[in-house]
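For reference, target.txt is printed below; it contains compact mmCIF, C-alpha atoms.
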# COMPACT_ATOMS: atom_id res chain seq x y z
CA MET T 1 -19.98 16.82 21.37
CA ALA T 2 -17.57 13.86 21.39
CA LEU T 3 -16.63 12.29 18.09
CA GLU T 4 -18.25 8.95 17.38
CA LYS T 5 -15.87 6.02 17.90
CA LEU T 6 -15.99 3.36 15.21
CA ARG T 7 -14.91 -0.25 15.36
CA LYS T 8 -11.88 -0.99 13.17
CA GLU T 9 -14.03 -2.95 10.69
CA GLU T 10 -16.45 -0.02 10.39
CA THR T 11 -13.60 2.46 9.83
CA LEU T 12 -12.13 0.24 7.13
CA ALA T 13 -15.48 -0.24 5.40
CA MET T 14 -16.21 3.50 5.44
CA ARG T 15 -12.72 4.27 4.15
CA LYS T 16 -13.19 1.88 1.21
CA ARG T 17 -16.53 3.51 0.45
CA LEU T 18 -15.64 7.18 0.95
CA ILE T 19 -11.90 7.64 0.33
CA GLY T 20 -10.16 7.34 -3.05
CA GLN T 21 -8.54 3.91 -3.26
CA SER T 22 -5.39 5.25 -4.92
CA LEU T 23 -4.48 6.35 -1.37
CA ARG T 24 -3.29 2.96 -0.14
CA LEU T 25 -3.05 2.02 3.53
CA PHE T 26 0.10 0.77 5.20
CA TYR T 27 -0.19 -3.01 5.68
CA SER T 28 -3.27 -3.12 3.44
CA GLU T 29 -3.89 -6.83 4.14
CA ASP T 30 -4.29 -6.08 7.85
CA PRO T 31 -4.19 -2.31 8.44
CA VAL T 32 -3.22 -0.83 11.79
CA LYS T 33 -5.78 1.59 13.22
CA ILE T 34 -3.77 4.23 15.07
CA VAL T 35 -5.68 6.35 17.58
CA ARG T 36 -2.88 8.15 19.44
CA ALA T 37 0.87 8.64 19.41
CA ARG T 38 3.70 10.06 21.48
CA GLY T 39 7.39 10.39 20.67
CA GLN T 40 8.44 7.46 18.48
CA TYR T 41 5.47 5.30 19.46
CA LEU T 42 2.07 4.69 17.88
CA PHE T 43 -0.90 3.12 19.71
CA ASP T 44 -3.80 1.23 18.15
CA GLU T 45 -7.42 1.14 19.31
CA ASN T 46 -6.61 -1.68 21.77
CA GLY T 47 -3.65 0.17 23.30
CA LYS T 48 -1.03 -1.96 21.55
CA ARG T 49 2.20 0.00 21.06
CA TYR T 50 4.12 0.14 17.77
CA LEU T 51 7.64 1.46 17.29
CA ASP T 52 7.58 3.96 14.41
CA CYS T 53 10.60 3.80 12.08
CA ILE T 54 8.71 5.46 9.20
CA SER T 55 7.47 8.89 10.26
CA ASN T 56 10.10 11.40 9.24
CA VAL T 57 7.27 13.95 9.14
CA HIS T 58 6.87 13.81 12.93
CA HIS T 59 10.40 15.02 13.20
CA VAL T 60 10.76 15.81 16.90
CA GLY T 61 8.32 13.10 17.95
CA HIS T 62 4.58 12.56 17.67
CA CYS T 63 2.43 15.04 19.61
CA HIS T 64 5.40 16.76 21.21
CA PRO T 65 3.91 18.89 24.03
CA ARG T 66 6.05 21.89 23.09
CA ILE T 67 4.60 21.86 19.56
CA THR T 68 0.98 21.32 20.54
CA LYS T 69 1.24 24.07 23.18
CA ALA T 70 2.68 26.56 20.64
CA ALA T 71 -0.04 25.67 18.12
CA ALA T 72 -2.89 26.03 20.61
CA ALA T 73 -1.58 29.30 22.07
CA GLN T 74 -1.27 30.99 18.69
CA MET T 75 -4.53 29.55 17.38
CA GLU T 76 -6.33 31.02 20.38
CA LEU T 77 -4.77 34.43 19.72
CA LEU T 78 -4.75 34.90 15.92
CA ASN T 79 -4.61 32.99 12.66
CA THR T 80 -4.94 34.97 9.48
CA ASN T 81 -3.30 35.16 6.08
CA SER T 82 0.14 36.58 5.44
CA ARG T 83 -1.02 39.81 3.76
CA PHE T 84 -1.46 41.25 7.25
CA LEU T 85 1.75 42.39 8.92
CA HIS T 86 2.73 39.96 11.67
CA ASP T 87 5.92 39.13 13.57
CA ASN T 88 5.86 35.33 13.26
CA ILE T 89 6.57 35.06 9.54
CA VAL T 90 9.63 37.34 9.66
CA LEU T 91 10.96 35.90 12.92
CA TYR T 92 10.65 32.39 11.52
CA ALA T 93 12.31 33.33 8.23
CA ASP T 94 15.15 34.89 10.21
CA ARG T 95 15.58 31.70 12.26
CA LEU T 96 15.71 29.58 9.09
CA ALA T 97 18.15 31.98 7.43
CA ALA T 98 20.60 31.39 10.30
CA THR T 99 20.82 27.70 9.29
CA LEU T 100 21.53 28.41 5.61
CA PRO T 101 24.33 29.89 3.49
CA GLU T 102 24.12 33.68 3.39
CA ARG T 103 23.11 33.91 -0.28
CA LEU T 104 19.91 31.92 0.39
CA CYS T 105 17.97 34.77 1.94
CA VAL T 106 14.47 35.16 0.43
CA PHE T 107 11.66 32.90 1.68
CA TYR T 108 8.28 31.85 0.28
CA PHE T 109 6.08 29.92 2.72
CA VAL T 110 3.63 27.34 1.41
CA ASN T 111 1.82 24.27 2.78
CA SER T 112 3.31 21.09 1.34
CA GLY T 113 6.44 19.73 -0.28
CA SER T 114 4.59 19.51 -3.58
CA GLU T 115 3.64 23.20 -3.42
CA ALA T 116 7.23 24.09 -2.58
CA ASN T 117 8.68 22.11 -5.47
CA ASP T 118 6.10 23.48 -7.91
CA LEU T 119 7.05 27.02 -6.87
CA ALA T 120 10.76 26.20 -7.18
CA LEU T 121 10.13 25.07 -10.74
CA ARG T 122 8.35 28.37 -11.48
CA LEU T 123 11.18 30.39 -9.94
CA ALA T 124 13.80 28.56 -12.00
CA GLN T 125 11.91 28.92 -15.27
CA GLN T 126 11.07 32.58 -14.67
CA TYR T 127 14.65 33.47 -13.74
CA THR T 128 16.37 31.59 -16.59
CA GLN T 129 13.64 32.05 -19.20
CA HIS T 130 14.36 28.44 -20.14
CA GLU T 131 12.00 25.48 -19.85
CA ASP T 132 13.98 22.23 -19.69
CA VAL T 133 14.73 20.41 -16.45
CA ILE T 134 17.24 17.68 -15.60
CA VAL T 135 16.24 15.22 -12.89
CA ILE T 136 17.78 12.07 -11.40
CA ASP T 137 16.39 8.67 -12.33
CA HIS T 138 13.79 7.21 -9.92
CA ALA T 139 13.24 10.68 -8.41
CA TYR T 140 9.98 11.74 -6.80
CA HIS T 141 9.27 15.45 -6.23
CA GLY T 142 5.51 15.57 -5.57
CA HIS T 143 1.99 14.82 -6.74
CA LEU T 144 1.09 17.96 -8.73
CA MET T 145 0.99 17.58 -12.52
CA SER T 146 4.10 19.77 -12.88
CA LEU T 147 5.99 17.51 -10.47
CA ILE T 148 4.78 14.19 -11.85
CA ASP T 149 6.32 15.49 -15.10
CA ILE T 150 9.74 15.73 -13.38
CA SER T 151 9.40 12.54 -11.30
CA PRO T 152 10.56 9.43 -13.21
CA TYR T 153 9.21 7.33 -10.33
CA LYS T 154 5.72 8.50 -11.34
CA PHE T 155 5.74 9.48 -15.02
CA ARG T 156 7.08 6.10 -16.17
CA LYS T 157 3.85 4.56 -14.86
CA LEU T 158 1.70 7.24 -16.50
CA ALA T 159 1.97 9.32 -19.69
CA GLY T 160 5.74 8.98 -19.99
CA GLN T 161 8.58 11.46 -20.29
CA LYS T 162 7.91 14.97 -21.58
CA GLU T 163 10.18 16.51 -24.23
CA TRP T 164 11.42 19.17 -21.78
CA VAL T 165 12.42 16.67 -19.07
CA HIS T 166 15.80 14.90 -19.14
CA VAL T 167 16.83 12.06 -16.83
CA ALA T 168 20.36 11.64 -15.47
CA PRO T 169 21.54 8.34 -13.93
CA LEU T 170 20.95 7.85 -10.21
CA PRO T 171 24.35 8.36 -8.51
CA ASP T 172 24.14 5.01 -6.72
CA THR T 173 27.60 3.73 -5.82
CA TYR T 174 26.23 0.32 -4.78
CA ARG T 175 24.46 -0.85 -7.93
CA GLY T 176 24.77 2.10 -10.35
CA ILE T 177 26.99 2.51 -13.42
CA TYR T 178 29.87 3.85 -11.27
CA GLN T 179 30.33 1.93 -8.04
CA GLU T 180 32.46 2.09 -4.89
CA GLY T 181 35.60 0.84 -6.64
CA HIS T 182 35.59 3.79 -9.04
CA PRO T 183 38.38 6.34 -8.31
CA ASN T 184 36.02 9.34 -8.48
CA PRO T 185 32.34 8.40 -8.75
CA GLY T 186 31.20 11.95 -7.93
CA GLN T 187 32.99 13.35 -10.98
CA ALA T 188 31.93 10.42 -13.17
CA TYR T 189 28.24 10.78 -12.31
CA ALA T 190 28.44 14.58 -12.67
CA ASP T 191 29.89 14.08 -16.16
CA THR T 192 26.74 12.16 -17.14
CA VAL T 193 24.84 15.39 -16.42
CA LYS T 194 27.36 17.34 -18.52
CA ASP T 195 26.78 14.92 -21.41
CA LEU T 196 23.03 15.30 -21.00
CA ILE T 197 23.31 19.11 -21.16
CA GLU T 198 25.26 18.84 -24.41
CA GLU T 199 22.59 16.52 -25.79
CA VAL T 200 19.86 19.01 -24.82
CA HIS T 201 21.76 21.87 -26.48
CA SER T 202 22.19 19.81 -29.65
CA LYS T 203 18.39 19.74 -29.92
CA GLY T 204 18.22 23.54 -29.69
CA ARG T 205 16.80 23.46 -26.16
CA LYS T 206 18.02 25.17 -22.95
CA ILE T 207 18.21 24.08 -19.31
CA SER T 208 16.31 25.97 -16.61
CA ALA T 209 17.24 23.73 -13.68
CA PHE T 210 18.82 20.61 -12.30
CA PHE T 211 16.35 19.32 -9.71
CA ALA T 212 17.46 16.74 -7.14
CA GLU T 213 16.83 15.47 -3.63
CA SER T 214 19.91 16.07 -1.51
CA LEU T 215 19.64 12.40 -0.51
CA PRO T 216 17.48 10.44 -2.98
CA SER T 217 14.90 8.66 -0.84
CA VAL T 218 12.46 6.91 -3.17
CA GLY T 219 15.56 5.96 -5.19
CA GLY T 220 16.64 3.78 -2.26
CA GLN T 221 18.15 5.89 0.56
CA ILE T 222 21.06 6.97 -1.64
CA ILE T 223 24.03 8.97 -0.35
CA LEU T 224 25.38 11.13 -3.18
CA PRO T 225 29.12 10.65 -3.84
CA GLN T 226 31.39 13.48 -2.73
CA GLY T 227 31.93 16.21 -5.31
CA TYR T 228 28.83 15.34 -7.32
CA SER T 229 26.66 18.35 -6.52
CA ASN T 230 29.47 20.90 -6.88
CA LYS T 231 30.40 19.67 -10.36
CA VAL T 232 26.75 19.38 -11.46
CA ALA T 233 26.09 22.94 -10.25
CA GLU T 234 29.12 24.14 -12.23
CA TYR T 235 27.88 22.47 -15.42
CA VAL T 236 24.26 23.57 -14.99
CA ARG T 237 25.14 27.20 -14.23
CA SER T 238 27.47 27.30 -17.22
CA ALA T 239 24.45 26.27 -19.29
CA GLY T 240 22.36 29.11 -17.84
CA GLY T 241 20.41 26.97 -15.40
CA VAL T 242 20.07 26.81 -11.61
CA PHE T 243 20.56 24.05 -9.03
CA VAL T 244 17.47 23.15 -6.98
CA ALA T 245 18.01 21.07 -3.82
CA ASP T 246 14.89 19.23 -2.65
CA GLU T 247 15.20 18.93 1.16
CA VAL T 248 11.57 17.96 1.75
CA GLN T 249 12.56 14.54 3.10
CA THR T 250 15.99 15.18 4.59
CA GLY T 251 16.23 18.69 6.02
CA PHE T 252 16.16 19.96 9.63
CA GLY T 253 19.10 18.01 11.03
CA ARG T 254 18.19 14.44 10.09
CA VAL T 255 21.72 13.86 8.77
CA GLY T 256 23.15 14.88 12.15
CA HIS T 257 26.40 16.73 11.51
CA HIS T 258 24.59 19.23 9.27
CA PHE T 259 21.21 20.94 9.33
CA TRP T 260 20.64 20.32 5.60
CA GLY T 261 21.42 17.30 3.44
CA PHE T 262 23.04 19.41 0.73
CA GLN T 263 25.72 20.45 3.25
CA LEU T 264 27.11 16.90 3.11
CA GLN T 265 28.60 17.95 -0.24
CA GLY T 266 30.95 20.42 1.46
CA GLU T 267 30.97 23.94 2.88
CA ASP T 268 31.68 25.44 -0.53
CA PHE T 269 28.51 24.02 -2.08
CA CYS T 270 25.37 26.16 -2.13
CA PRO T 271 22.25 25.48 -4.23
CA ASP T 272 20.40 28.33 -5.92
CA ILE T 273 17.01 27.22 -4.60
CA VAL T 274 16.17 24.95 -1.64
CA THR T 275 12.77 23.44 -0.92
CA MET T 276 11.74 22.13 2.49
CA GLY T 277 8.62 20.52 3.92
CA LYS T 278 7.63 17.30 5.72
CA PRO T 279 9.48 17.63 9.08
CA MET T 280 9.15 21.40 9.13
CA GLY T 281 5.83 21.47 11.01
CA ASN T 282 6.09 18.10 12.81
CA GLY T 283 2.88 16.95 11.13
CA HIS T 284 1.34 20.39 10.63
CA PRO T 285 1.18 21.35 6.90
CA LEU T 286 4.11 23.74 6.52
CA SER T 287 6.72 24.07 3.79
CA CYS T 288 8.94 26.65 2.19
CA VAL T 289 11.12 27.69 -0.72
CA VAL T 290 14.26 29.74 -0.13
CA THR T 291 16.32 31.30 -2.88
CA THR T 292 18.73 34.10 -3.73
CA ALA T 293 17.80 37.77 -3.93
CA GLU T 294 18.56 37.74 -7.66
CA ILE T 295 16.18 34.87 -8.46
CA ALA T 296 13.48 36.34 -6.18
CA ARG T 297 13.81 39.71 -7.93
CA ALA T 298 13.21 38.12 -11.34
CA PHE T 299 10.09 36.44 -9.97
CA THR T 300 8.79 39.74 -8.58
CA ASP T 301 9.61 41.62 -11.78
CA ASN T 302 7.30 39.46 -13.87
CA GLY T 303 4.49 41.65 -12.54
CA VAL T 304 2.32 38.74 -11.38
CA GLU T 305 1.68 38.62 -7.63
CA TYR T 306 2.39 35.37 -5.81
CA PHE T 307 0.00 34.92 -2.89
CA ASN T 308 -0.60 31.80 -0.84
CA THR T 309 -3.69 31.91 1.42
CA PHE T 310 -2.34 29.72 4.22
CA GLY T 311 1.41 29.84 3.58
CA GLY T 312 3.27 31.52 6.45
CA ASN T 313 0.22 32.06 8.63
CA PRO T 314 0.87 32.89 12.31
CA VAL T 315 -0.04 29.41 13.60
CA SER T 316 2.18 27.60 11.07
CA CYS T 317 5.12 29.87 11.84
CA ALA T 318 4.64 29.47 15.60
CA ILE T 319 4.76 25.70 15.11
CA GLY T 320 7.81 25.99 12.86
CA MET T 321 9.69 28.02 15.47
CA ALA T 322 8.74 25.53 18.19
CA VAL T 323 10.17 22.71 16.06
CA LEU T 324 13.46 24.61 15.74
CA ASP T 325 13.48 25.15 19.52
CA VAL T 326 13.03 21.43 20.23
CA ILE T 327 15.71 20.38 17.72
CA GLU T 328 18.16 22.65 19.51
CA GLU T 329 17.13 22.18 23.15
CA GLU T 330 16.87 18.38 22.94
CA ASP T 331 20.05 18.07 20.85
CA LEU T 332 18.23 16.04 18.22
CA ARG T 333 21.03 16.48 15.69
CA GLY T 334 23.41 14.99 18.24
CA ASN T 335 20.91 12.17 18.79
CA ALA T 336 20.80 11.54 15.03
CA ILE T 337 24.60 11.21 15.00
CA ARG T 338 24.74 8.89 18.02
CA VAL T 339 21.68 6.72 17.41
CA GLY T 340 21.96 6.73 13.61
CA GLY T 341 25.62 5.75 13.84
CA HIS T 342 24.77 2.96 16.30
CA LEU T 343 21.94 1.69 14.09
CA LYS T 344 24.18 1.66 11.04
CA ASP T 345 26.98 -0.15 12.92
CA LEU T 346 24.57 -2.80 14.22
CA LEU T 347 23.15 -3.36 10.73
CA ALA T 348 26.69 -3.60 9.31
CA LYS T 349 27.42 -6.37 11.84
CA LEU T 350 24.27 -8.17 10.69
CA GLN T 351 25.55 -7.90 7.12
CA THR T 352 28.51 -10.13 8.01
CA ARG T 353 26.13 -12.86 9.20
CA HIS T 354 23.35 -12.65 6.61
CA GLU T 355 24.07 -13.15 2.91
CA ILE T 356 20.76 -11.50 2.07
CA ILE T 357 22.05 -8.08 3.25
CA GLY T 358 23.77 -6.56 0.24
CA ASP T 359 24.38 -3.05 1.53
CA VAL T 360 23.98 -0.87 4.60
CA ARG T 361 24.14 2.86 3.91
CA GLY T 362 23.05 6.12 5.37
CA VAL T 363 23.89 9.11 7.50
CA GLY T 364 22.31 10.20 10.76
CA LEU T 365 18.76 8.87 11.03
CA PHE T 366 18.48 8.32 7.27
CA VAL T 367 19.48 4.67 6.82
CA GLY T 368 18.86 2.01 4.19
CA LEU T 369 19.24 -1.78 4.40
CA GLU T 370 19.35 -3.28 0.89
CA LEU T 371 18.38 -6.94 0.55
CA VAL T 372 19.63 -9.09 -2.33
CA THR T 373 19.19 -12.69 -3.47
CA ASP T 374 22.79 -12.79 -4.75
CA LYS T 375 25.59 -10.62 -3.36
CA GLU T 376 27.68 -10.83 -6.51
CA LYS T 377 24.88 -10.04 -8.96
CA LYS T 378 23.17 -7.70 -6.45
CA SER T 379 19.79 -9.11 -7.51
CA PRO T 380 17.07 -7.31 -5.53
CA ALA T 381 15.30 -9.42 -2.88
CA THR T 382 11.93 -7.69 -3.24
CA GLU T 383 9.80 -10.51 -1.83
CA SER T 384 12.09 -11.06 1.16
CA ALA T 385 12.03 -7.32 1.96
CA ALA T 386 8.22 -7.38 1.95
CA ARG T 387 8.19 -10.48 4.21
CA LEU T 388 10.58 -8.79 6.63
CA VAL T 389 8.42 -5.66 6.83
CA LYS T 390 5.27 -7.73 7.39
CA ARG T 391 6.81 -9.89 10.11
CA LEU T 392 8.33 -6.92 11.96
CA LYS T 393 4.84 -5.45 12.22
CA GLU T 394 3.00 -8.67 13.07
CA GLU T 395 5.51 -10.25 15.46
CA HIS T 396 7.23 -7.26 17.05
CA GLN T 397 4.96 -4.22 16.45
CA ILE T 398 7.75 -2.43 14.57
CA CYS T 399 6.73 -0.27 11.60
CA VAL T 400 9.19 -0.03 8.71
CA SER T 401 8.70 0.20 4.96
CA THR T 402 10.60 -0.33 1.72
CA ASP T 403 11.84 1.91 -1.07
CA GLY T 404 14.12 1.80 -4.09
CA PRO T 405 13.42 0.92 -7.73
CA TRP T 406 12.66 -2.70 -6.74
CA GLU T 407 11.26 -2.05 -3.23
CA SER T 408 14.24 -4.01 -1.88
CA VAL T 409 15.59 -1.35 0.48
CA VAL T 410 14.25 -1.37 4.05
CA LYS T 411 14.31 2.29 5.06
CA PHE T 412 14.69 3.92 8.44
CA LYS T 413 13.56 7.54 8.83
CA PRO T 414 12.14 7.56 12.35
CA PRO T 415 11.25 10.52 14.54
CA MET T 416 14.48 12.14 15.72
CA CYS T 417 13.87 11.08 19.34
CA PHE T 418 14.55 7.45 18.32
CA SER T 419 16.74 5.92 21.03
CA MET T 420 19.72 3.57 21.32
CA GLU T 421 17.39 0.96 22.83
CA ASP T 422 15.00 1.36 19.87
CA ALA T 423 17.87 0.79 17.42
CA GLU T 424 19.03 -2.30 19.31
CA LEU T 425 15.51 -3.74 19.46
CA VAL T 426 14.93 -3.24 15.73
CA VAL T 427 18.22 -4.88 14.76
CA GLN T 428 17.69 -7.78 17.19
CA CYS T 429 14.26 -8.43 15.64
CA ILE T 430 15.59 -8.17 12.08
CA ASP T 431 18.33 -10.64 12.98
CA GLY T 432 15.82 -13.14 14.34
CA ILE T 433 13.50 -12.86 11.34
CA LEU T 434 16.29 -13.14 8.75
CA THR T 435 17.69 -16.18 10.60
CA ASP T 436 14.25 -17.81 10.57
CA MET T 437 13.66 -16.93 6.92
CA LYS T 438 16.97 -18.52 5.97
CA ALA T 439 16.15 -21.68 7.93
CA SER T 440 12.70 -21.87 6.29
CA ASP T 441 14.17 -21.42 2.81
CA LEU T 442 16.77 -24.16 3.48
CA LYS T 443 14.02 -26.48 4.70
CA LEU T 444 12.01 -25.87 1.52
CA GLU T 445 15.10 -26.53 -0.61
CA LYS T 446 15.70 -29.88 1.15
CA GLU T 447 12.05 -30.84 0.69
CA ASP T 448 12.31 -30.02 -3.03
CA ILE T 449 15.40 -32.23 -3.31

Will you turn the file into structure tokens for me?
Amino acid sequence: MALEKLRKEETLAMRKRLIGQSLRLFYSEDPVKIVRARGQYLFDENGKRYLDCISNVHHVGHCHPRITKAAAAQMELLNTNSRFLHDNIVLYADRLAATLPERLCVFYFVNSGSEANDLALRLAQQYTQHEDVIVIDHAYHGHLMSLIDISPYKFRKLAGQKEWVHVAPLPDTYRGIYQEGHPNPGQAYADTVKDLIEEVHSKGRKISAFFAESLPSVGGQIILPQGYSNKVAEYVRSAGGVFVADEVQTGFGRVGHHFWGFQLQGEDFCPDIVTMGKPMGNGHPLSCVVTTAEIARAFTDNGVEYFNTFGGNPVSCAIGMAVLDVIEEEDLRGNAIRVGGHLKDLLAKLQTRHEIIGDVRGVGLFVGLELVTDKEKKSPATESAARLVKRLKEEHQICVSTDGPWESVVKFKPPMCFSMEDAELVVQCIDGILTDMKASDLKLEKEDI
């Protein structure tokens, strides 16, 4: 029996009636109804094509035939829980292990980034027998209660900061407390964590973990300064804690030259726990925690079994392995280097022509364009960023979104098949819109005078 097809107005009305309204739609004033997708393109109910610069989840491209074929083949054969012995879970873990430092060798498969981060928190607290956690300002680690507690982006809008959670400054070298002109911003920002640890100890409390995205995304597409993670890990381990790297947004080759974002901090840096998710299953719910044998042993020795009904099931692992195959066979890391570099260069050229562009930053296909009303004061241009996003969608069928503490950073995290031509189109359209916005603002100023 074919599924009933609804008119867009009917779908929207039913969604408002049946679905919790805290789950907001993209472009809520005029939502896009997407009915199919392929590669980096989305198609609405009328066949209109949109260029997707948002979907980092659909890592190797929407509806990649290699992924859908792997999913269907395994689903037709077997899908059961991971208490039965099966090849896929161990073969997949072995494939992932080959991308990681040797000491990260024990895997726990789960279904979402939130589940992975919640488990990472449990692992850290069980291993250290400490409770307190240090996080970076504006961080977001998931929607479970445990993760809202360690996500300043969320808890500041809700019940506030818990006694066991401590917030370190965001290591933002554009508008943070230590900026690009500083001789060693990595060390300076790491020292703020050291000071925080001392403050925690002065209260008679102990650190279980430092928890951070390898590239803070909600914080505004931030690239951590060199040396930061190594020094933080040194300070946290000296205090009896562990370093947790959240790779849910940025793992699986998005940064190009490396498979994992944390590897940007140097070959000698290795976290104690890494979480991964979103791109892992190319849209299929699949995520993971990997840690050291020592931390895993402490978790096992507590005598409480950890079992996840769907985590690591044969279908999920088949999909995960297919994603790894496509990344390698289609040289998507190489594409991230080439196309991401081109996109960043084109945006940097725009920056010389548009005063509103305060900063262009990023690595691979993780790029941020920060808009400001004043380049000296770095005042966030929140309204202009929203206007740009709206006009890109309405006039050019290009989907982007904003992030950062003031929603002033236009972010690019497209599927990894994003092309040179896509990058050039996006920048050309941004150029046209910013030029028009400037002309309109000047016209309004003259009319006011």

Minimum-distance residue to Ala348 of chain T, chosen among T:Asp431, T:Glu234, T:Asp331, T:Glu294 (using all atoms listed in the file): T:Asp431

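Minimum distance to Gln125 of chain T across T:Val110, T:Lys48, T:Ser208, T:Met75 (counting only C-alpha atoms) occurs at T:Ser208.
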
Neighbour list for Leu123 of chain T as JSON, numbers by chain, cut-off 9 Å, only C-alpha atoms, skip fewer than 4 positions in-chain: {"T": [118, 119, 127, 128, 273, 291, 295, 296, 298, 299]}

Any chance you could export the current selection's C-alpha atoms as a compact mmCIF listing (two decimals), keeping the file's coordinate frame?
# COMPACT_ATOMS: atom_id res chain seq x y z
CA ASP T 118 6.10 23.48 -7.91
CA LEU T 119 7.05 27.02 -6.87
CA TYR T 127 14.65 33.47 -13.74
CA THR T 128 16.37 31.59 -16.59
CA ILE T 273 17.01 27.22 -4.60
CA THR T 291 16.32 31.30 -2.88
CA ILE T 295 16.18 34.87 -8.46
CA ALA T 296 13.48 36.34 -6.18
CA ALA T 298 13.21 38.12 -11.34
CA PHE T 299 10.09 36.44 -9.97

Distance of atom CA of Tyr178 of chain T from atom CA of Lys203 of chain T, expressed in Å to one decimal place: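 Atom CA of Tyr178 of chain T lies 27.1 Å from atom CA of Lys203 of chain T.
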
Å distance separating atom CA of Gly186 of chain T from atom CA of Ser202 of chain T, one decimal place: 24.8 Å

Close residues, Ile430 of chain T itself excluded, 10 Å, all atoms listed in the file, min 6 positions apart in chain, as a list in words: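 Listing them by chain and then by number gives Leu347, Leu350, Leu388, Val389, Arg391, Leu392, His396, Glu424 and Asp436 of chain T.
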
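Within 7 Å of Gln187 of chain T, once all atoms listed in the file are used and residues closer than 2 positions along the same chain are dropped, the contacting residues are Asn184, Pro185, Tyr189, Ala190, Asp191, Gly227, Tyr228 and Lys231 of chain T.
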
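Remark: for Pro279 of chain T, the closest of the candidate residues T:Pro380, T:Pro415, T:Gly181, T:Gly219 is T:Pro415 (distances computed over all atoms listed in the file).
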
Near-Ser316 of chain T list (12 Å; all atoms listed in the file; drop same-chain fewer than 2 positions) as number ranges by chain: T: 67-68, 70-75, 78-82, 88-89, 92-93, 109-112, 277, 280-288, 310-314, 318-323

Who sits within 9 Å of segment 24-34 of chain T, all atoms listed in the file, same chain under 3 positions skipped, as number ranges by chain: T: 8, 11-12, 20-21, 37, 42-45, 390, 393, 401

Selected residue of minimal separation from Gly39 of chain T among T:Asp87, T:Asp149, T:Asp403, T:Asp422, counting all atoms listed in the file: T:Asp422

Separation of atom CA of Ile207 of chain T from atom CA of Pro152 of chain T, in Å and rounded to one decimal: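 About the pair atom CA of Ile207 of chain T and atom CA of Pro152 of chain T: they are 17.6 Å apart.
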
Proximity to Cys317 of chain T - best of T:Lys378, T:Arg95, T:Arg122, T:Arg66, all atoms listed in the file: T:Arg95
